[in-house]
Amino acid sequence: MLWIATELLIVVALLAAPQPPQQDWESLLRDPAADVQWNADGTLWLLPRGVGGTVVEVDPRTGVRTERGSATAGFAERLLVNEELRSLPGTRQSRIRFSNESAGVVELLWVDTGGVRRSYGTLGSAQVREQHTFAGHAWEVRDASGSTLGYVRGDVLPTVVHIGAAVEKVPAPVSSVPAGAPAPAGALVPPSSAEDPATPPELPANAAKYAGPALWAPGFGHAVMFERVAEQHHPVHLIESSPTDQVEPRMRTIQYLKPGDQIEQRWPRLFARDGHEVQVSRELFENPWSIEECRWSADGATFFFTYNQRGHQVFRQLAIDAATGKVRIVAEETSPTFIDYPNKIWTHWISDDELLWMSERDGFNHIYLIDVAHGTVKRQVTRGAWMVRAVDSVDEATRMLVLRVMGIDSAQDPYYEHFVRVSMDSGDVVRLTQGDGTHVLEWSPDRAFYVDTWSRVDLPPVHELRRGADGSLVMELGRADASALVAAGWTWPERCAAVGRDGATQVYGVIWRPCGSANDSAPRAVLEDIYAGPHDYFVPKAFAVWDGQRRFTQAGFVVVQVDGMGTNWRGKAFHDVCWKNLKDAGLPDHVAWLRAAAATRPWMDFSRVGIYGGSAGGQSAMRALLDFPDVYSVAVADCGCHDNRMDKIWWNELWMGWPVDESYQRSSNVVDAAKLQGKLMLIVGELDENVDPASTLQVSAALVRAGKDHELVVVPGAGHGAAETAYGSAKRLEFFKRYLQSEMTGK
């Protein structure tokens, strides 16, 4: 009881400690163009933040800059937007200063998460009101007639809104369906007009097996419906130990498919207008994970769809001839490992004859132009040892693409995002960004100009105005200034690259030091923040005043993060390291990187290294103690998927494969629990619906059976990410302090 009481006092004290002054740090950054807003007339507003800023209007056609007034000290400047906003969940308190610069009275209304409005009164012309709010909360402004003037959302920084100065026009979503083409899947309905009185075909007697609605061809000569097999029932039971409305616990049951389970499957069935079925062979789409992107050709002769085969090693664009039922391949991807369908599958129909297709078939993610009729590659539009991250726009009239790409500049960090303009026909590439950093573009309404904002973790944002046609520079709009931050003791993050496990491939990371320690060479314990999910990369690239890692630097730790092999966007070979091998988590690269970093930084104590992570990061944090106990001595694993057979189906089958085989066992922390060395804390929320909480309890049980000491923290009422609750966060920090900073370490 004494130990429990002492621990409780420690945790309560930690919970009572003041939160990191994130907002105070944020307010010290001065940025002349923290927000840029294009107006319908093609002019541009630069809205600053920080003391002494000025609101500036820029005409990109003439280059004329016009000051429109002084910014409010300590506030971020905003204009209303015409896009309807609703509040997002948020608990960080903030303020909005409404400045009514219109000629009439306006009404202020708070908009909740469901869109319900609540009036907060009126504001007369030339009046100013400072309104308490929360970051993420939305507000609507109406004129005296009740018409909406626009919306604004609260930010972490206090915000000043100029009512009547301008309204940012948010463009309506642009359809990816070419003009005159049939509507997307699900949008077609049976005809009912007098001009064409066709009715749905008579379905077979077992029609209950078919999923609708019917997808009718133009002209209504044929329709497609889907035969379906339902997914299996796989309940996961969660016990809410302490509900607020009753004394007894409550059981929650959720449907939760796991690797190897029977999934819902659908197959297209083709019917003629008179009701008879046109027989279609399933040979090319026999075992679907999904069938999507269904569409008819404009002449109603061909039905197109994509087929993602279970196991994610085959992905096809298929076409069914409506008259004969014959199925043919328009485009196909195959892989001996996996096809990264959530991130690297993208299609765009130019016409029924041409299709833009994304593929990693040459080892890097690129765009191809497909000849639909012949099912062949007409042209590889982009090529090289770099990656297409996303398609920003497709201009079918000029046959030009704007792409967001990575790794195109070999002299820069390969994770920096750049933009290029590419011709579909010639493949000529025009770079729209140049600066040594990661880039974000904001286009003018007519796309004649754009603002390129780029930064690095160690370089505050730079804002450039450029021409859309060729990327040429019109002018630099301004640079953010972090000198006040540095003067207050804020410490720059440090970029660090070193070779990984193979002695050749560069891996990239970031190091955070405690604020005020830039000239302090005293060795400090090191914490690694790990998340190595193969779906992305995770080391930050853009500048930020506050990163979550700084919660630990404030406690005196050096914090690092690195992207090793198996994470995304470095090429297929780099990515494939994760295949049937999630336990790897890039850890051999992390260890090599840590050794190299510490070798030249005496303030990094390589003899005191801890690691923490959540979800897949929780699995990796524990795995670090299992496989690399000579480097990592303390770990906190939050809500980990410690055995991939226990986790959600889609994520694990994508990287570990299907059917379930022995590779799942080889990656299991439960199976390897007896190997544990070092100090381990497991944290889990009892109501986690993302990763089955039993995964953490099962690995704890395996540790108990093996006689391995560890700490298990179950947070009542918490869901996924229980270590980020106030209680879980305090427990985690105290654990690291106890074993890496206290006298118990002997360091």
# chains A, B, ... in the order shown; residues from 1 in each chain; ligands from 1
>>> residues_around(residues="Gly500 of chain A", least_positions_apart="4", cutoff="6 Å", atoms="only C-alpha atoms", output="VMD selection string")
chain A and resid 505 to 507 589 592
>>> write_last_selection(atoms="C-alpha atoms", output="PDB file, in the first residue's frame")
ATOM      1  CA  THR A 505      21.696   4.013 -47.871  1.00  0.00           C
ATOM      2  CA  GLN A 506      21.155   7.357 -46.171  1.00  0.00           C
ATOM      3  CA  VAL A 507      18.479   7.497 -43.505  1.00  0.00           C
ATOM      4  CA  ASP A 589      18.775   1.553 -39.419  1.00  0.00           C
ATOM      5  CA  ALA A 592      23.136   2.685 -37.013  1.00  0.00           C
TER       6      ALA A 592
END
>>> atom_distance(atom1="atom CA of Glu417 of chain A", atom2="atom CA of Asp563 of chain A")
15.8 Å
>>> residues_around(residues="Ala497 of chain A", least_positions_apart="4", cutoff="9 Å", atoms="only C-alpha atoms", output="list in words")
Asp413, Gln506, Val507, Tyr508, Gly509, Val510, Trp593, Ala596 and Ala597 of chain A
>>> write_last_selection(atoms="N, CA and C atoms", output="PDB file, in the first residue's frame")
ATOM      1  N   ASP A 413      17.113  16.660 -49.117  1.00  0.00           N
ATOM      2  CA  ASP A 413      16.459  15.564 -48.396  1.00  0.00           C
ATOM      3  C   ASP A 413      15.406  14.942 -49.316  1.00  0.00           C
ATOM      4  N   GLN A 506      21.343   6.297 -47.148  1.00  0.00           N
ATOM      5  CA  GLN A 506      21.155   7.357 -46.171  1.00  0.00           C
ATOM      6  C   GLN A 506      19.772   7.243 -45.531  1.00  0.00           C
ATOM      7  N   VAL A 507      19.745   7.368 -44.215  1.00  0.00           N
ATOM      8  CA  VAL A 507      18.479   7.497 -43.505  1.00  0.00           C
ATOM      9  C   VAL A 507      18.485   8.844 -42.800  1.00  0.00           C
ATOM     10  N   TYR A 508      17.287   9.403 -42.612  1.00  0.00           N
ATOM     11  CA  TYR A 508      17.164  10.796 -42.196  1.00  0.00           C
ATOM     12  C   TYR A 508      16.379  10.902 -40.898  1.00  0.00           C
ATOM     13  N   GLY A 509      16.857  11.774 -40.035  1.00  0.00           N
ATOM     14  CA  GLY A 509      16.194  11.968 -38.758  1.00  0.00           C
ATOM     15  C   GLY A 509      16.313  13.403 -38.281  1.00  0.00           C
ATOM     16  N   VAL A 510      15.734  13.649 -37.112  1.00  0.00           N
ATOM     17  CA  VAL A 510      15.760  14.968 -36.479  1.00  0.00           C
ATOM     18  C   VAL A 510      16.090  14.783 -35.008  1.00  0.00           C
ATOM     19  N   TRP A 593      21.953   4.796 -37.186  1.00  0.00           N
ATOM     20  CA  TRP A 593      21.819   6.255 -37.181  1.00  0.00           C
ATOM     21  C   TRP A 593      22.145   6.816 -35.793  1.00  0.00           C
ATOM     22  N   ALA A 596      25.883   6.808 -35.117  1.00  0.00           N
ATOM     23  CA  ALA A 596      26.570   7.861 -35.861  1.00  0.00           C
ATOM     24  C   ALA A 596      26.292   9.236 -35.262  1.00  0.00           C
ATOM     25  N   ALA A 597      25.035   9.480 -34.887  1.00  0.00           N
ATOM     26  CA  ALA A 597      24.680  10.788 -34.317  1.00  0.00           C
ATOM     27  C   ALA A 597      25.399  11.012 -32.993  1.00  0.00           C
TER      28      ALA A 597
END
>>> residues_around(residues="Arg328 of chain A", least_positions_apart="3", cutoff="9 Å", atoms="only C-alpha atoms", output="list in words")
Leu284, Gln317, Leu318, Ala319, Ile320, Asp321 and Gly375 of chain A
>>> write_last_selection(atoms="C-alpha atoms", output="PDB file, in the first residue's frame")
ATOM      1  CA  LEU A 284      -9.690 -12.096 -63.917  1.00  0.00           C
ATOM      2  CA  GLN A 317      -8.269  -2.061 -64.472  1.00  0.00           C
ATOM      3  CA  LEU A 318     -10.764  -4.307 -66.224  1.00  0.00           C
ATOM      4  CA  ALA A 319     -13.309  -3.868 -69.009  1.00  0.00           C
ATOM      5  CA  ILE A 320     -16.395  -5.977 -69.739  1.00  0.00           C
ATOM      6  CA  ASP A 321     -17.862  -5.987 -73.243  1.00  0.00           C
ATOM      7  CA  GLY A 375      -4.565  -2.400 -72.975  1.00  0.00           C
TER       8      GLY A 375
END
>>> select_by_dssp(residues="segment 177-398 of chain A", states="alpha helix (DSSP H)", output="PyMOL selection string")
chain A and resi 341-344
>>> closest_residue(among="A:Glu130, A:Asp261, A:Asp35, A:Glu140", to="Leu109 of chain A", atoms="only C-alpha atoms")
A:Glu140
>>> atom_distance(atom1="atom CA of Gly437 of chain A", atom2="atom CA of Arg495 of chain A")
11.7 Å
>>> closest_residue(among="A:Leu85, A:Asp529, A:Gly613, A:Ala488", to="Ser517 of chain A", atoms="only C-alpha atoms")
A:Ala488
>>> select_by_dssp(residues="segment 333-580 of chain A", states="strand (DSSP E or B)", output="PDB file with C-alpha atoms, in the first residue's frame")
ATOM      1  CA  GLU A 333      -0.025  -4.204 -61.581  1.00  0.00           C
ATOM      2  CA  THR A 334       1.553  -7.275 -60.017  1.00  0.00           C
ATOM      3  CA  THR A 347      -6.570   6.686 -62.129  1.00  0.00           C
ATOM      4  CA  HIS A 348      -7.938   9.485 -64.277  1.00  0.00           C
ATOM      5  CA  TRP A 349      -9.932   8.974 -67.473  1.00  0.00           C
ATOM      6  CA  GLU A 354      -7.012   7.147 -72.651  1.00  0.00           C
ATOM      7  CA  LEU A 355      -6.396   6.542 -68.981  1.00  0.00           C
ATOM      8  CA  LEU A 356      -3.800   8.042 -66.647  1.00  0.00           C
ATOM      9  CA  TRP A 357      -2.443   5.345 -64.337  1.00  0.00           C
ATOM     10  CA  MET A 358      -0.093   5.433 -61.354  1.00  0.00           C
ATOM     11  CA  SER A 359       2.415   2.618 -60.858  1.00  0.00           C
ATOM     12  CA  HIS A 366       5.214   7.340 -61.631  1.00  0.00           C
ATOM     13  CA  ILE A 367       2.404   8.241 -64.020  1.00  0.00           C
ATOM     14  CA  TYR A 368       1.640   6.255 -67.188  1.00  0.00           C
ATOM     15  CA  LEU A 369      -0.709   6.964 -70.088  1.00  0.00           C
ATOM     16  CA  ILE A 370      -2.693   3.858 -71.017  1.00  0.00           C
ATOM     17  CA  ASP A 371      -4.149   3.013 -74.437  1.00  0.00           C
ATOM     18  CA  THR A 376      -1.012  -1.178 -73.436  1.00  0.00           C
ATOM     19  CA  VAL A 377       1.174   1.606 -72.075  1.00  0.00           C
ATOM     20  CA  LYS A 378       1.028   4.444 -74.549  1.00  0.00           C
ATOM     21  CA  ARG A 379       3.668   6.476 -72.720  1.00  0.00           C
ATOM     22  CA  GLN A 380       5.455   6.652 -69.383  1.00  0.00           C
ATOM     23  CA  MET A 387       8.419   9.562 -56.500  1.00  0.00           C
ATOM     24  CA  VAL A 388       5.083  11.065 -57.504  1.00  0.00           C
ATOM     25  CA  ARG A 389       3.392  11.695 -54.157  1.00  0.00           C
ATOM     26  CA  ALA A 390       0.082  13.007 -55.501  1.00  0.00           C
ATOM     27  CA  VAL A 391      -1.586  14.594 -58.521  1.00  0.00           C
ATOM     28  CA  ASP A 392      -2.413  18.237 -57.844  1.00  0.00           C
ATOM     29  CA  SER A 393      -4.332  18.895 -61.072  1.00  0.00           C
ATOM     30  CA  VAL A 394      -5.069  17.545 -64.536  1.00  0.00           C
ATOM     31  CA  ASP A 395      -5.661  20.011 -67.357  1.00  0.00           C
ATOM     32  CA  MET A 400      -0.639  19.106 -68.584  1.00  0.00           C
ATOM     33  CA  LEU A 401      -0.327  17.701 -65.074  1.00  0.00           C
ATOM     34  CA  VAL A 402       0.781  19.404 -61.880  1.00  0.00           C
ATOM     35  CA  LEU A 403       2.304  16.837 -59.549  1.00  0.00           C
ATOM     36  CA  ARG A 404       3.511  16.795 -55.963  1.00  0.00           C
ATOM     37  CA  VAL A 405       6.778  14.851 -56.012  1.00  0.00           C
ATOM     38  CA  MET A 406       9.525  13.686 -53.669  1.00  0.00           C
ATOM     39  CA  GLU A 417       7.849  17.699 -51.326  1.00  0.00           C
ATOM     40  CA  HIS A 418       8.223  19.686 -54.543  1.00  0.00           C
ATOM     41  CA  PHE A 419       5.869  20.494 -57.409  1.00  0.00           C
ATOM     42  CA  VAL A 420       6.361  20.008 -61.139  1.00  0.00           C
ATOM     43  CA  ARG A 421       4.365  20.610 -64.297  1.00  0.00           C
ATOM     44  CA  VAL A 422       4.530  17.699 -66.764  1.00  0.00           C
ATOM     45  CA  SER A 423       3.271  17.252 -70.316  1.00  0.00           C
ATOM     46  CA  VAL A 429       9.120  18.361 -66.649  1.00  0.00           C
ATOM     47  CA  VAL A 430       9.083  21.974 -65.453  1.00  0.00           C
ATOM     48  CA  ARG A 431       9.964  22.448 -61.799  1.00  0.00           C
ATOM     49  CA  THR A 438       9.439  21.054 -48.301  1.00  0.00           C
ATOM     50  CA  HIS A 439       6.830  23.036 -50.243  1.00  0.00           C
ATOM     51  CA  VAL A 440       3.122  23.906 -50.138  1.00  0.00           C
ATOM     52  CA  LEU A 441       1.401  25.786 -52.983  1.00  0.00           C
ATOM     53  CA  GLU A 442      -1.638  28.056 -52.875  1.00  0.00           C
ATOM     54  CA  TRP A 443      -2.972  28.838 -56.341  1.00  0.00           C
ATOM     55  CA  PHE A 449       0.038  32.500 -60.116  1.00  0.00           C
ATOM     56  CA  TYR A 450       0.738  30.662 -56.905  1.00  0.00           C
ATOM     57  CA  VAL A 451       2.340  31.296 -53.550  1.00  0.00           C
ATOM     58  CA  ASP A 452       5.093  28.795 -52.786  1.00  0.00           C
ATOM     59  CA  THR A 453       5.674  28.464 -49.047  1.00  0.00           C
ATOM     60  CA  TRP A 454       8.639  26.329 -48.141  1.00  0.00           C
ATOM     61  CA  SER A 455      10.502  25.548 -44.957  1.00  0.00           C
ATOM     62  CA  ARG A 456      12.620  23.029 -43.091  1.00  0.00           C
ATOM     63  CA  LEU A 459      14.351  27.129 -41.460  1.00  0.00           C
ATOM     64  CA  PRO A 460      11.179  29.159 -40.840  1.00  0.00           C
ATOM     65  CA  PRO A 461       8.760  29.575 -43.755  1.00  0.00           C
ATOM     66  CA  VAL A 462       9.783  31.433 -46.910  1.00  0.00           C
ATOM     67  CA  HIS A 463       6.954  32.780 -49.089  1.00  0.00           C
ATOM     68  CA  GLU A 464       7.459  33.275 -52.832  1.00  0.00           C
ATOM     69  CA  LEU A 465       5.064  34.476 -55.536  1.00  0.00           C
ATOM     70  CA  ARG A 466       5.574  32.558 -58.775  1.00  0.00           C
ATOM     71  CA  ARG A 467       4.018  32.271 -62.235  1.00  0.00           C
ATOM     72  CA  LEU A 473       9.753  33.990 -59.552  1.00  0.00           C
ATOM     73  CA  VAL A 474       7.669  37.162 -59.429  1.00  0.00           C
ATOM     74  CA  MET A 475       8.853  38.254 -55.984  1.00  0.00           C
ATOM     75  CA  GLU A 476       9.670  37.033 -52.526  1.00  0.00           C
ATOM     76  CA  LEU A 477       6.720  37.882 -50.296  1.00  0.00           C
ATOM     77  CA  GLY A 478       8.536  37.522 -47.001  1.00  0.00           C
ATOM     78  CA  ARG A 479      10.332  35.260 -44.553  1.00  0.00           C
ATOM     79  CA  ASP A 481      11.665  35.387 -38.254  1.00  0.00           C
ATOM     80  CA  GLU A 494      18.772  19.553 -35.909  1.00  0.00           C
ATOM     81  CA  ARG A 495      18.584  17.581 -39.124  1.00  0.00           C
ATOM     82  CA  CYS A 496      20.792  14.515 -39.199  1.00  0.00           C
ATOM     83  CA  ALA A 497      21.477  11.994 -41.976  1.00  0.00           C
ATOM     84  CA  ALA A 498      23.603   8.860 -41.617  1.00  0.00           C
ATOM     85  CA  VAL A 499      24.009   5.568 -43.429  1.00  0.00           C
ATOM     86  CA  GLN A 506      21.155   7.357 -46.171  1.00  0.00           C
ATOM     87  CA  VAL A 507      18.479   7.497 -43.505  1.00  0.00           C
ATOM     88  CA  TYR A 508      17.164  10.796 -42.196  1.00  0.00           C
ATOM     89  CA  GLY A 509      16.194  11.968 -38.758  1.00  0.00           C
ATOM     90  CA  VAL A 510      15.760  14.968 -36.479  1.00  0.00           C
ATOM     91  CA  ILE A 511      17.209  15.743 -33.043  1.00  0.00           C
ATOM     92  CA  TRP A 512      15.542  17.983 -30.455  1.00  0.00           C
ATOM     93  CA  ARG A 524      21.773  13.784 -21.537  1.00  0.00           C
ATOM     94  CA  ALA A 525      19.648  10.685 -21.806  1.00  0.00           C
ATOM     95  CA  VAL A 526      18.158  10.080 -25.249  1.00  0.00           C
ATOM     96  CA  LEU A 527      14.554   9.182 -26.072  1.00  0.00           C
ATOM     97  CA  GLU A 528      13.517   7.901 -29.476  1.00  0.00           C
ATOM     98  CA  ASP A 529       9.991   8.605 -30.711  1.00  0.00           C
ATOM     99  CA  VAL A 558      17.346  14.709 -25.989  1.00  0.00           C
ATOM    100  CA  VAL A 559      14.653  13.371 -28.341  1.00  0.00           C
ATOM    101  CA  VAL A 560      15.220  11.854 -31.772  1.00  0.00           C
ATOM    102  CA  GLN A 561      13.095  10.494 -34.589  1.00  0.00           C
ATOM    103  CA  VAL A 562      14.256   8.646 -37.701  1.00  0.00           C
ATOM    104  CA  ASP A 563      12.698   6.962 -40.747  1.00  0.00           C
ATOM    105  CA  MET A 565      13.841   1.042 -44.162  1.00  0.00           C
ATOM    106  CA  THR A 567       8.699   3.127 -44.332  1.00  0.00           C
TER     107      THR A 567
END
>>> residues_around(residues="Arg269 of chain A", least_positions_apart="3", cutoff="10 Å", atoms="only C-alpha atoms", output="PyMOL selection string")
chain A and resi 210+214+223-227+266+277-282+325
>>> write_last_selection(atoms="N, CA and C atoms", output="tab-separated table (two decimals), in the first residue's frame")
chain	number	residue	atom	x	y	z
A	210	TYR	N	-27.91	-9.93	-54.32
A	210	TYR	CA	-27.37	-8.89	-55.16
A	210	TYR	C	-27.45	-7.53	-54.47
A	214	ALA	N	-28.77	-0.69	-59.39
A	214	ALA	CA	-28.29	-1.10	-60.70
A	214	ALA	C	-27.52	0.05	-61.34
A	223	ALA	N	-27.38	-3.22	-67.64
A	223	ALA	CA	-27.19	-2.79	-66.26
A	223	ALA	C	-26.30	-3.79	-65.54
A	224	VAL	N	-25.55	-3.29	-64.59
A	224	VAL	CA	-24.70	-4.14	-63.75
A	224	VAL	C	-25.20	-4.06	-62.32
A	225	MET	N	-25.34	-5.22	-61.70
A	225	MET	CA	-25.55	-5.30	-60.26
A	225	MET	C	-24.46	-6.19	-59.69
A	226	PHE	N	-24.41	-6.30	-58.36
A	226	PHE	CA	-23.31	-7.03	-57.73
A	226	PHE	C	-23.82	-8.18	-56.88
A	227	GLU	N	-23.28	-9.35	-57.15
A	227	GLU	CA	-23.48	-10.47	-56.25
A	227	GLU	C	-22.54	-10.28	-55.07
A	266	ARG	N	-17.68	-8.78	-53.56
A	266	ARG	CA	-18.69	-8.46	-54.56
A	266	ARG	C	-18.14	-8.77	-55.95
A	277	GLU	N	-29.44	-12.52	-68.31
A	277	GLU	CA	-28.08	-12.27	-67.84
A	277	GLU	C	-27.07	-12.59	-68.94
A	278	VAL	N	-26.11	-11.69	-69.12
A	278	VAL	CA	-24.99	-11.91	-70.02
A	278	VAL	C	-23.89	-12.55	-69.19
A	279	GLN	N	-23.47	-13.75	-69.54
A	279	GLN	CA	-22.51	-14.48	-68.74
A	279	GLN	C	-21.13	-13.82	-68.80
A	280	VAL	N	-20.54	-13.65	-67.61
A	280	VAL	CA	-19.23	-13.00	-67.48
A	280	VAL	C	-18.31	-13.93	-66.69
A	281	SER	N	-17.17	-14.25	-67.23
A	281	SER	CA	-16.21	-15.10	-66.52
A	281	SER	C	-15.53	-14.30	-65.41
A	282	ARG	N	-15.36	-14.94	-64.27
A	282	ARG	CA	-14.71	-14.27	-63.14
A	282	ARG	C	-13.21	-14.55	-63.08
A	325	GLY	N	-19.93	-10.10	-72.86
A	325	GLY	CA	-19.51	-10.46	-71.51
A	325	GLY	C	-18.04	-10.75	-71.40
>>> residues_around(residues="segment 603-610 of chain A", least_positions_apart="4", cutoff="8 Å", atoms="only C-alpha atoms", output="number ranges by chain")
A: 520-528, 558, 594-595, 598, 631-635, 736, 740
>>> closest_residue(among="A:Leu79, A:Ala723, A:Val660, A:Ala448", to="Ser472 of chain A", atoms="only C-alpha atoms")
A:Ala448
>>> decode(residues="segment 328-385 of chain A", atoms="C-alpha atoms", output="PDB file, in the first residue's frame")
ATOM      1  CA  ARG A 328     -10.120  -7.911 -70.767  1.00  0.00           C
ATOM      2  CA  ILE A 329      -7.253  -6.217 -68.914  1.00  0.00           C
ATOM      3  CA  VAL A 330      -6.822  -2.496 -69.586  1.00  0.00           C
ATOM      4  CA  ALA A 331      -3.961  -2.052 -67.096  1.00  0.00           C
ATOM      5  CA  GLU A 332      -2.405  -4.354 -64.516  1.00  0.00           C
ATOM      6  CA  GLU A 333      -0.025  -4.204 -61.581  1.00  0.00           C
ATOM      7  CA  THR A 334       1.553  -7.275 -60.017  1.00  0.00           C
ATOM      8  CA  SER A 335       4.090  -7.550 -57.211  1.00  0.00           C
ATOM      9  CA  PRO A 336       5.820 -10.436 -55.432  1.00  0.00           C
ATOM     10  CA  THR A 337       5.441  -8.400 -52.209  1.00  0.00           C
ATOM     11  CA  PHE A 338       2.568  -5.897 -52.052  1.00  0.00           C
ATOM     12  CA  ILE A 339       0.898  -3.131 -54.033  1.00  0.00           C
ATOM     13  CA  ASP A 340       0.533   0.007 -51.923  1.00  0.00           C
ATOM     14  CA  TYR A 341      -3.051   0.593 -52.996  1.00  0.00           C
ATOM     15  CA  PRO A 342      -3.992   3.194 -50.347  1.00  0.00           C
ATOM     16  CA  ASN A 343      -1.201   5.543 -51.444  1.00  0.00           C
ATOM     17  CA  LYS A 344      -0.080   4.686 -54.963  1.00  0.00           C
ATOM     18  CA  ILE A 345      -3.181   3.724 -56.903  1.00  0.00           C
ATOM     19  CA  TRP A 346      -4.657   6.615 -58.855  1.00  0.00           C
ATOM     20  CA  THR A 347      -6.570   6.686 -62.129  1.00  0.00           C
ATOM     21  CA  HIS A 348      -7.938   9.485 -64.277  1.00  0.00           C
ATOM     22  CA  TRP A 349      -9.932   8.974 -67.473  1.00  0.00           C
ATOM     23  CA  ILE A 350      -9.024  11.452 -70.196  1.00  0.00           C
ATOM     24  CA  SER A 351     -11.602   9.819 -72.444  1.00  0.00           C
ATOM     25  CA  ASP A 352     -12.837   6.293 -73.039  1.00  0.00           C
ATOM     26  CA  ASP A 353      -9.657   5.830 -75.086  1.00  0.00           C
ATOM     27  CA  GLU A 354      -7.012   7.147 -72.651  1.00  0.00           C
ATOM     28  CA  LEU A 355      -6.396   6.542 -68.981  1.00  0.00           C
ATOM     29  CA  LEU A 356      -3.800   8.042 -66.647  1.00  0.00           C
ATOM     30  CA  TRP A 357      -2.443   5.345 -64.337  1.00  0.00           C
ATOM     31  CA  MET A 358      -0.093   5.433 -61.354  1.00  0.00           C
ATOM     32  CA  SER A 359       2.415   2.618 -60.858  1.00  0.00           C
ATOM     33  CA  GLU A 360       5.612   1.585 -59.046  1.00  0.00           C
ATOM     34  CA  ARG A 361       6.469  -0.968 -61.742  1.00  0.00           C
ATOM     35  CA  ASP A 362       9.932   0.525 -62.389  1.00  0.00           C
ATOM     36  CA  GLY A 363      10.779   0.805 -58.699  1.00  0.00           C
ATOM     37  CA  PHE A 364       9.537   4.367 -58.247  1.00  0.00           C
ATOM     38  CA  ASN A 365       6.033   5.807 -58.241  1.00  0.00           C
ATOM     39  CA  HIS A 366       5.214   7.340 -61.631  1.00  0.00           C
ATOM     40  CA  ILE A 367       2.404   8.241 -64.020  1.00  0.00           C
ATOM     41  CA  TYR A 368       1.640   6.255 -67.188  1.00  0.00           C
ATOM     42  CA  LEU A 369      -0.709   6.964 -70.088  1.00  0.00           C
ATOM     43  CA  ILE A 370      -2.693   3.858 -71.017  1.00  0.00           C
ATOM     44  CA  ASP A 371      -4.149   3.013 -74.437  1.00  0.00           C
ATOM     45  CA  VAL A 372      -7.523   1.692 -73.264  1.00  0.00           C
ATOM     46  CA  ALA A 373      -8.532  -0.083 -76.468  1.00  0.00           C
ATOM     47  CA  HIS A 374      -5.329  -2.112 -76.685  1.00  0.00           C
ATOM     48  CA  GLY A 375      -4.565  -2.400 -72.975  1.00  0.00           C
ATOM     49  CA  THR A 376      -1.012  -1.178 -73.436  1.00  0.00           C
ATOM     50  CA  VAL A 377       1.174   1.606 -72.075  1.00  0.00           C
ATOM     51  CA  LYS A 378       1.028   4.444 -74.549  1.00  0.00           C
ATOM     52  CA  ARG A 379       3.668   6.476 -72.720  1.00  0.00           C
ATOM     53  CA  GLN A 380       5.455   6.652 -69.383  1.00  0.00           C
ATOM     54  CA  VAL A 381       4.699  10.253 -68.496  1.00  0.00           C
ATOM     55  CA  THR A 382       7.191  10.588 -65.632  1.00  0.00           C
ATOM     56  CA  ARG A 383      10.351   8.647 -64.945  1.00  0.00           C
ATOM     57  CA  GLY A 384      13.445   8.779 -62.757  1.00  0.00           C
ATOM     58  CA  ALA A 385      14.695   7.917 -59.282  1.00  0.00           C
TER      59      ALA A 385
END
